[in-house]
Structures are given as structure tokens and as C-alpha cells.
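Below is one structure; the comments refer to it alone.
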Amino acid sequence: MRSVLLSITAIALALFIGALILWASGASPLLAYWALLKGAFGDAQALQRTLEKATPLVFSGLAVAFAFKASLFNIGTQGQLLLGAIIAAAVGFGVSGLPPYIHAPLALLAGAAAGAAFAAIAGVLKVYTGAHEVITTIMLNYIAINLTDYLADGPWKDRSPMNIVARTPAILDSARLPTWGPIPSGFVIAVLLAGVIYWILWKTTFGFEIRTVGQNRHAARYAGISVAKVMIATMVISGLLAGLGGAVETQGVVGRYQPGFNVGLGFEGITIALLAKTHPFGVVPAALLVGAMKAGSSQMQFTADVAKEIIDVIQALMLFFISAEFLLRRLLGLKEEAGEEKLVLSTGWGSGD
Amino acid sequence: MTTPWRTFLRQNWTRILGAIGLVVFVSFAYAHNPRITEAVLASSLRQSIPLILGALCGLIGERSGIINIGIEGQMLMAAFISFLVNVKTGSLILATLAGMLTGALMGFALAFMSVTLRIDQIIGGTVLNMIAFGLTGYFYQVGLVTKGKFTPIPIPLLSEIPVIGPVFFQNPPLTYIALLLIFVVQFFLYHTRWGLRTRAVGEHPRAADTLGINVYWVRYMNVTMAGSLAGLAGAYLTLEAVGSFERMMTNGQGFVALAVMIFGKWNPITAWGAALLFGFAIALQTQLQFMGVRQIPHQFIGMLPYLLTIIVLAGVGGRTRPPAAVGQPYVKEG
């Protein structure tokens, strides 16, 4: 319960400082935040937009949180998401003659596999060469941006006469994911997956191994756990989640692959995972919060004349405050609880363990 | 052959082979087409400047035990502030100083987060990056232009030397300053009391503390001062290399700088070699695009520096050993 209080305090402080920045730059914070709220939840259409924006964020939040459990830092969710999105699109427009109940899941699986394979590169390099996953995943992000841009502007480009931009053809109807009222089915998949991840982490032996590796690698090795195998498997599942997020974005929202639909470098996943205190169930509300901010930002720009990028600043502030537990606890007069799981990240660059 | 030499050769044979190969390649290229070769070499040096400055920033911090993954953000923010100051005042020197100050302030923020608040250092750096992406995006206005740009100052006599002259001695001022700083940092790290303290704090903070060195102070000072170098890199980008500011203009160079630092084994002069190699890769990429090589799609050429970073990190050229206490917050006893 206390960790929820910490998260809420962090969010409130970030919004407060965000308001100060808005005020200092001559905008009205109240008007801006009101417009943001209206743009995110004002009507059914706004709500759908929020859920659509939140969906890939649940996936990338889960991906980052899952890797954190093994004390791995996957900053590459963006790249894994992009690859998942374009591979799902390729299966979506390239394979025909399948009924929807086969075609749609097939495209989802292909996207997930692409994300998993891409993340596996970082996992394997980490285990066998000691290359730190923070830098390799960031570099893989840039490589993914180039690779998807090449595919969408080259071999898989939409050749219809009206098209001049880099994008793939639209996927077939049989690969599309439905939207029920304002609720995209992708969001439902995301929430269900949060449950699956919870189950894996706390109800299976594999999950226990992951958490042991995350808490203390040496103890894990001493207990007979294959640390290398667990770390690679964790990266693969993390990438699978991100890749699936990309596939859902393609099949449920965009309907094709188009570069730039989700710019940024995947830092959102980190903010969300930490706001959730790396707990899968916390990821869903945290992703909804960030998704709402993204969904409402256009309305804010329109009504209050405030540049969208203020959202990024507020997110950075959230990340800062949620990480500054030391500061928050002092502010709230909270003591550390016994038996709390602490976040341990891999420090140093060179060492494989 | 004496033993230290042998150790050096054994540890660095891939680097040495690479360097020899590069020299041979460049000589052949020069014999074939001197003008383009000179242009590519000069461009390699230009491309290596933000990388070496970023790497210096990273290694000063890491030598005292602080990982700085926020160099990208420091560069971007500094590039933006230099740009604004130049637009407002018209002064290039003031703009450069403002950029350095910005980098230093962000370094101070990182030190505050990792030393005082004991936030995980990688998350602290990520906060810096996100703040920089957000703030530069928020305050960016289309249509502003810089007033002037640093121009080359050829150094008399030296600039007349074939190949070396046009590459090293016909550059704008910030390039000279950056080159000088490599040796300044080298001197500080290995030949001053401050450098000795820095290295002690990075290897064994507890022992340094026992000897009366203020670990927190050393880390604060190092990360803040080093930040001004990342700031200079940002100023270089807007005031010397490009002449304007664009969103996300650092384009990952702050992260590549970390690979340069690691490949350079946390040593300024070796890191310069690594920076030149990366600079060469980027220069070659631009040259290939410029010559319109059609067989290779430009996106694949664009991947080169990032691929190179991964290859370097995967330990081609031997494993490297980071400072022992890097990444760990230090908690004073008692």
C-alpha cells in the first residue's frame, strides 16, 4: 500500500513542477491540465484514444519491468516494438487466404517473435561477451530505426499510385484486431498478459529463478541456477512483450506499418515500470496514466497553446521522483518496510556478472 | 623486448593491427585520390570531436565511480542553450561558455542524484536524457537562426604540411580546444594529486575515505567539471559543426561516446584513437552517401557507427576492465 502512496506522491510532485514550468513559460497550467484531462477522458472517442495510446505502453512497461526482475535493463523496447510492428504488418499484408482467427494470431506471433529475436542479441552478447545491455539495446534501437525505414521505403513499400511516403501497404481485414465500443482488443490482450507475467514471476520455478538471479547473481549460481540461461530467457521474453506491443499497434490501431508512429527512444517503458514498482499489475494503471497524457496532449496543444513536449518533461520528473525514494520517504515520514523487494540493477560495464 | 612492452602488445594487438591496416588503407586511398582522402580524413577528425569530448566527460566521471549515461542529454541541452544564447547575444564565445555551464549544471544534477539521493546511476542518467529531450522540444521555436559560426583558423607553417596540415591545423577554434583538452585531462588524471584522488575514489572509495579523501566532494567535482566537456561538445555541434539547432540533433552520439570511452580503456589518449576510428566510420558513411553509392541502401550505411559500437562492446580487441567501484553508491560509515 505504501508503495502506491510513494507513486502517487511522485506523480503529484511531477505535475506540480510541470505546472511551474508551464507558468514560467507564460501558459496557464490550469487551462493546460484541464484540456489534457478533457482530451484524455472527455468522451467515448477520447477514452478510446487513451486506451489506444496506453496499449503499447502496457507492453513496453511490462517488458522493462520483467527484465528488471532479473536485474537487466532493457532500454531497447523501442527497437523491439518497431520490428514487431513491421513484421506483423508484413504477415498482415503478405499472407492471404487465411480466416481471421488464424491470420490475426499468426501476425501477432510473428511480431512477438521478431521482438524476441532482436532482444536476444543483447541477451546473448551480455552473457557471452559482457557487453552491457544498456548500450547494446540503445544501439539496437538506432539499428531498428534504420532497418524498418529501409523495409518500409524499399522492398515492402506501399506501391499504390497515391502513396509517396515510406509505409507498407494496409494489412488485410483478416489480420485486423477488433475494437469493442471504445475498448481496443489489444488493450484486453495487454491486461491479460500482465496477469500471465505475474503468474510466471511468482507462481513458477522459472519466475523464482529470475527473481533469484535479479537479487543476487552469485547466490543464484551457487544454488545451481544457470544464470546465463535465465538472463537470455529473460531478455527474450522481455523482447517478445515489446514485439507483441508493436504488432498490436499495427493490427489494432494503425492498420499498416508507418515509420514515426511512435517516436522516442523507449524511455516511457522505464518510467512506467518504475511507477509500477516493477509489479505487473502496477504497469496497467501506470501505462493508462502516461497513455492519457499522450492522448490528451493534442487537445492541450490546441486549447491552451502548449507544446506537446511538456509531457516528456513531466514524465522525466515522474521518473526522477519515483527513483528518489530516499527523498520521498523523508518527505512523507515513511520508514522502509522489512522484506521489501529492492530494485537491483547491473552496475559497471565490462563484467558479465 | 622488455616485459611492459610485451604486455602492451599482447593486450592491444587487435588495436595495433587495426591502426596499421587503417594507415595502409588511407595511404592507398591517398595515392589514388588525394583530394577525397584529405576530405574524408578531415571529416573524420570533425566527427570525432563530440565523441572524444563525450568520452572524456564519461571517463572523468567513471574514474571517480559515477556512470554517466546522460551525456547524450547534456550535449543536447548544451547545444540548445548555446544556440539560444547565440541567437540572443550574437556572441559565439558567450554561447560556448553558456553551453559548457549547461553541461556542468546537468553534471551537478547527476552528482546530486547519484551521490546524495543514491538514485541508481543509470536511472539518474536516463532522467537527464528525458529532461533534455523534453525541454529542448518544449522550448524549441522554428525559424531562429544563429548569428555566425566558428570559422577555420589555419595555423601558420603547420597547416602547410601535406595531409597532416589540412586535417589537423586548418580547423575552427573549438576543435583545437578539444584536442588540447585530451592532453590536459591525461595530465590531470596521471600527474596531479587530484587525478590520484580521483582514481583512488573510483577503485576503492572506502580506502580513499580512510586516507582522508572526501569521496562525495571528489565525485561531485568530477562529474560537474566533466559535464562542461559534454557541454562543449553540444556547443561544438551548434556553433561549429552545423550552425543551427535541430530537434534530437545529437542523434545518439552521447551514447556512442560511452563505447569510445570503453574501447579507449578509460584513458584519454587511447580514447582519442577510438574516437578517430568512429569518426572515420561516420565520415566514410557520409562520403559513400555523397558519392551516391547505389548498391548499398543508405539506411545500411547509416547503421555503421551503431554496429561498430556493438562490435566494440562485444569485446573485439580484448576485454576491458572498468574502474572497480563504478556504479556503486558510496555510503559513509558511522
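By convention here, the chains of the C-alpha cells are called A, B, ... in the order presented, each chain's residues are numbered starting at 1, and ligands are numbered starting at 1 in the order presented.
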
Please report as JSON lines every residue of chain B lying within 9 Å of chain A, along with the nearest atom pair and their distance in Å (one decimal), using only C-alpha atoms.
{"residue": "B:Ile67", "atom": "CA", "partner": "A:Gly348", "partner_atom": "CA", "distance": 7.6}
{"residue": "B:Ile69", "atom": "CA", "partner": "A:Ile135", "partner_atom": "CA", "distance": 8.9}
{"residue": "B:Met113", "atom": "CA", "partner": "A:Ala324", "partner_atom": "CA", "distance": 7.7}
{"residue": "B:Leu117", "atom": "CA", "partner": "A:Ala324", "partner_atom": "CA", "distance": 6.1}
{"residue": "B:Arg118", "atom": "CA", "partner": "A:Ala324", "partner_atom": "CA", "distance": 7.6}
{"residue": "B:Ile119", "atom": "CA", "partner": "A:Ala324", "partner_atom": "CA", "distance": 5.8}
{"residue": "B:Asp120", "atom": "CA", "partner": "A:Ser323", "partner_atom": "CA", "distance": 7.6}
{"residue": "B:Gln121", "atom": "CA", "partner": "A:Thr347", "partner_atom": "CA", "distance": 8.5}
{"residue": "B:Ile122", "atom": "CA", "partner": "A:Thr347", "partner_atom": "CA", "distance": 8.3}
{"residue": "B:Ile123", "atom": "CA", "partner": "A:Ser323", "partner_atom": "CA", "distance": 7.6}
{"residue": "B:Gly124", "atom": "CA", "partner": "A:Phe320", "partner_atom": "CA", "distance": 7.3}
{"residue": "B:Thr126", "atom": "CA", "partner": "A:Phe267", "partner_atom": "CA", "distance": 7.7}
{"residue": "B:Val127", "atom": "CA", "partner": "A:Ala316", "partner_atom": "CA", "distance": 5.4}
{"residue": "B:Leu128", "atom": "CA", "partner": "A:Ala316", "partner_atom": "CA", "distance": 7.9}
{"residue": "B:Asn129", "atom": "CA", "partner": "A:Ala316", "partner_atom": "CA", "distance": 8.4}
{"residue": "B:Met130", "atom": "CA", "partner": "A:Ala316", "partner_atom": "CA", "distance": 5.3}
{"residue": "B:Ile131", "atom": "CA", "partner": "A:Val313", "partner_atom": "CA", "distance": 5.3}
{"residue": "B:Ala132", "atom": "CA", "partner": "A:Val313", "partner_atom": "CA", "distance": 8.1}
{"residue": "B:Phe133", "atom": "CA", "partner": "A:Asp312", "partner_atom": "CA", "distance": 7.4}
{"residue": "B:Gly134", "atom": "CA", "partner": "A:Val313", "partner_atom": "CA", "distance": 4.7}
{"residue": "B:Leu135", "atom": "CA", "partner": "A:Val313", "partner_atom": "CA", "distance": 6.2}
{"residue": "B:Thr136", "atom": "CA", "partner": "A:Glu309", "partner_atom": "CA", "distance": 8.4}
{"residue": "B:Gly137", "atom": "CA", "partner": "A:Glu309", "partner_atom": "CA", "distance": 5.5}
{"residue": "B:Tyr138", "atom": "CA", "partner": "A:Glu309", "partner_atom": "CA", "distance": 4.8}
{"residue": "B:Phe139", "atom": "CA", "partner": "A:Ala307", "partner_atom": "CA", "distance": 8.1}
{"residue": "B:Asn251", "atom": "CA", "partner": "A:Tyr142", "partner_atom": "CA", "distance": 8.9}
{"residue": "B:Gly252", "atom": "CA", "partner": "A:Tyr142", "partner_atom": "CA", "distance": 8.0}
{"residue": "B:Phe255", "atom": "CA", "partner": "A:Ile135", "partner_atom": "CA", "distance": 6.9}
{"residue": "B:Val256", "atom": "CA", "partner": "A:Met139", "partner_atom": "CA", "distance": 8.1}
{"residue": "B:Leu258", "atom": "CA", "partner": "A:Ile135", "partner_atom": "CA", "distance": 8.1}
{"residue": "B:Ala259", "atom": "CA", "partner": "A:Ile135", "partner_atom": "CA", "distance": 7.8}
{"residue": "B:Ile262", "atom": "CA", "partner": "A:Trp349", "partner_atom": "CA", "distance": 8.2}
{"residue": "B:Pro297", "atom": "CA", "partner": "A:Tyr150", "partner_atom": "CA", "distance": 7.4}
{"residue": "B:His298", "atom": "CA", "partner": "A:Tyr150", "partner_atom": "CA", "distance": 8.2}
{"residue": "B:Gln299", "atom": "CA", "partner": "A:Asn146", "partner_atom": "CA", "distance": 5.1}
{"residue": "B:Phe300", "atom": "CA", "partner": "A:Asn146", "partner_atom": "CA", "distance": 7.0}
{"residue": "B:Gly302", "atom": "CA", "partner": "A:Asn146", "partner_atom": "CA", "distance": 7.0}
{"residue": "B:Met303", "atom": "CA", "partner": "A:Ile143", "partner_atom": "CA", "distance": 5.6}
{"residue": "B:Leu304", "atom": "CA", "partner": "A:Ile143", "partner_atom": "CA", "distance": 8.8}
{"residue": "B:Pro305", "atom": "CA", "partner": "A:Met139", "partner_atom": "CA", "distance": 8.9}
{"residue": "B:Tyr306", "atom": "CA", "partner": "A:Met139", "partner_atom": "CA", "distance": 5.3}
{"residue": "B:Leu307", "atom": "CA", "partner": "A:Met139", "partner_atom": "CA", "distance": 7.3}
{"residue": "B:Thr309", "atom": "CA", "partner": "A:Met139", "partner_atom": "CA", "distance": 7.3}
{"residue": "B:Ile310", "atom": "CA", "partner": "A:Thr136", "partner_atom": "CA", "distance": 5.8}
{"residue": "B:Val312", "atom": "CA", "partner": "A:Ala131", "partner_atom": "CA", "distance": 8.6}
{"residue": "B:Leu313", "atom": "CA", "partner": "A:Ala131", "partner_atom": "CA", "distance": 5.0}
{"residue": "B:Ala314", "atom": "CA", "partner": "A:Ala131", "partner_atom": "CA", "distance": 5.0}
{"residue": "B:Gly315", "atom": "CA", "partner": "A:Thr129", "partner_atom": "CA", "distance": 6.2}
{"residue": "B:Arg319", "atom": "CA", "partner": "A:Gly350", "partner_atom": "CA", "distance": 7.3}
{"residue": "B:Thr320", "atom": "CA", "partner": "A:Gly350", "partner_atom": "CA", "distance": 6.3}
{"residue": "B:Arg321", "atom": "CA", "partner": "A:Gly350", "partner_atom": "CA", "distance": 6.1}
{"residue": "B:Pro322", "atom": "CA", "partner": "A:Gly350", "partner_atom": "CA", "distance": 6.3}
{"residue": "B:Pro323", "atom": "CA", "partner": "A:Gly348", "partner_atom": "CA", "distance": 8.2}
{"residue": "B:Ala324", "atom": "CA", "partner": "A:Gly348", "partner_atom": "CA", "distance": 8.0}
{"residue": "B:Ala325", "atom": "CA", "partner": "A:Gly348", "partner_atom": "CA", "distance": 8.0}
{"residue": "B:Val326", "atom": "CA", "partner": "A:Gly348", "partner_atom": "CA", "distance": 5.6}
{"residue": "B:Gly327", "atom": "CA", "partner": "A:Thr347", "partner_atom": "CA", "distance": 5.1}
{"residue": "B:Gln328", "atom": "CA", "partner": "A:Thr347", "partner_atom": "CA", "distance": 7.0}

Close residues, Leu240 of chain A itself excluded, 7 Å, only C-alpha atoms, min 4 positions apart in chain, as a list of chain:residue names: A:Ala112, A:Ala113, A:Gly115, A:Ala116, A:Val236, A:Leu244

Serialized selection, C-alpha atoms, as an mmCIF file, in the first residue's frame:
data_model
loop_
_atom_site.group_PDB
_atom_site.id
_atom_site.type_symbol
_atom_site.label_atom_id
_atom_site.label_comp_id
_atom_site.auth_asym_id
_atom_site.auth_seq_id
_atom_site.Cartn_x
_atom_site.Cartn_y
_atom_site.Cartn_z
ATOM 1 C CA ALA A 112 6.365 -11.130 -30.976
ATOM 2 C CA ALA A 113 8.997 -13.486 -32.397
ATOM 3 C CA GLY A 115 10.918 -8.587 -30.965
ATOM 4 C CA ALA A 116 12.173 -11.612 -29.057
ATOM 5 C CA VAL A 236 13.857 -12.971 -24.954
ATOM 6 C CA LEU A 244 3.848 -8.037 -29.379
#

Test item: residues at most 12 Å from Pro178 of chain A, only C-alpha atoms, excluding those fewer than 2 positions along its chain, as a list of chain:residue names: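 Everything that qualifies: A:Pro100, A:Tyr101, A:Ala104, A:Asp173, A:Ser174, A:Ala175, A:Arg176, A:Trp180, A:Gly181, A:Pro182, A:Ile183, A:Pro184, A:Ser185, A:Gly186, A:Phe187, A:Val188, A:Ile189, A:Val248, A:Glu249, A:Gln251, A:Gly252, A:Val253, A:Gly255.
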
Residue nearest His279 of chain A among A:Ala242, A:Ala194, A:Val213, A:Ala233 (counting only C-alpha atoms):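 Counting only C-alpha atoms, the residue closest to His279 of chain A is A:Ala194.
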
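Coordinates place atom CA of Ala292 of chain A at a distance of 5.0 Å from atom CA of Ala40 of chain A.
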
Backbone DSSP call of alpha helix (DSSP H) for segment 194-349 of chain A, listed as a VMD selection string: chain A and resid 194 to 203 205 to 215 217 to 222 227 to 248 267 to 275 280 to 304 310 to 323 325 to 332

Residues near segment 199-202 of chain B, cut-off 12 Å, only C-alpha atoms, skip fewer than 5 positions along chain, as a PyMOL selection string: (chain A and resi 348) or (chain B and resi 59-67+188-194+207-220+222+266-267+322-330)

Close residues, Ser228 of chain B itself excluded, 7 Å, only C-alpha atoms, min 6 positions apart in chain, as a PyMOL selection string: chain B and resi 100-101+103-104

Any chance you could export the current selection's C-alpha atoms as a PDB file, in the first residue's frame?
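Contents of selection.pdb, as written:
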ATOM      1  CA  MET B 100      29.678  24.486 -21.001  1.00  0.00           C
ATOM      2  CA  LEU B 101      27.820  25.878 -17.988  1.00  0.00           C
ATOM      3  CA  GLY B 103      26.649  20.724 -19.237  1.00  0.00           C
ATOM      4  CA  ALA B 104      28.233  21.391 -15.849  1.00  0.00           C
TER       5      ALA B 104
END

Excluding Ser96 of chain A and any residue of its chain fewer than 4 positions from it, enumerate the residues within 9 Å of it, using only C-alpha atoms, and give them as a PDB file with N, CA and C atoms, in the first residue's frame.
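Written out: result_34.pdb:
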ATOM      1  N   VAL A  91       3.285  -9.831 -42.373  1.00  0.00           N
ATOM      2  CA  VAL A  91       2.405 -11.004 -42.357  1.00  0.00           C
ATOM      3  C   VAL A  91       0.969 -10.575 -42.645  1.00  0.00           C
ATOM      4  N   GLY A  92       0.627  -9.385 -42.168  1.00  0.00           N
ATOM      5  CA  GLY A  92      -0.731  -8.881 -42.338  1.00  0.00           C
ATOM      6  C   GLY A  92      -1.093  -8.581 -43.783  1.00  0.00           C
ATOM      7  N   HIS A 103      -5.242 -15.796 -39.147  1.00  0.00           N
ATOM      8  CA  HIS A 103      -4.378 -14.749 -39.678  1.00  0.00           C
ATOM      9  C   HIS A 103      -3.934 -13.758 -38.593  1.00  0.00           C
ATOM     10  N   LEU A 172      -4.500  -6.856 -44.458  1.00  0.00           N
ATOM     11  CA  LEU A 172      -5.811  -7.369 -44.839  1.00  0.00           C
ATOM     12  C   LEU A 172      -6.754  -7.338 -43.642  1.00  0.00           C
ATOM     13  N   SER A 174      -8.487  -9.579 -42.498  1.00  0.00           N
ATOM     14  CA  SER A 174      -8.432 -10.785 -41.672  1.00  0.00           C
ATOM     15  C   SER A 174      -7.328 -10.711 -40.616  1.00  0.00           C
TER      16      SER A 174
END

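Comparing the minimum interatomic distances between Val142 of chain B and each of B:Thr116, B:Thr198, B:Ser82, B:Ser244, counting only C-alpha atoms, we find that B:Ser244 sits nearest.
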
Shell around Ile155 of chain B at 9 Å using only C-alpha atoms, local window under 3 positions removed, as a list in words: Leu158, Ser159, Glu160, Gly165, Phe169, Gln170 and Asn171 of chain B

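With only C-alpha atoms as the atoms that count, the minimum distance from Met75 of chain B to the choices B:Asn12, B:Thr250, B:Thr224, B:Thr238 is reached by B:Thr250.
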
Residue nearest Arg206 of chain B - candidates B:Ile164, B:Met261, B:Ala19, B:Val331, atoms counted: only C-alpha atoms: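 Using only C-alpha atoms, Arg206 of chain B sits closest to B:Val331.
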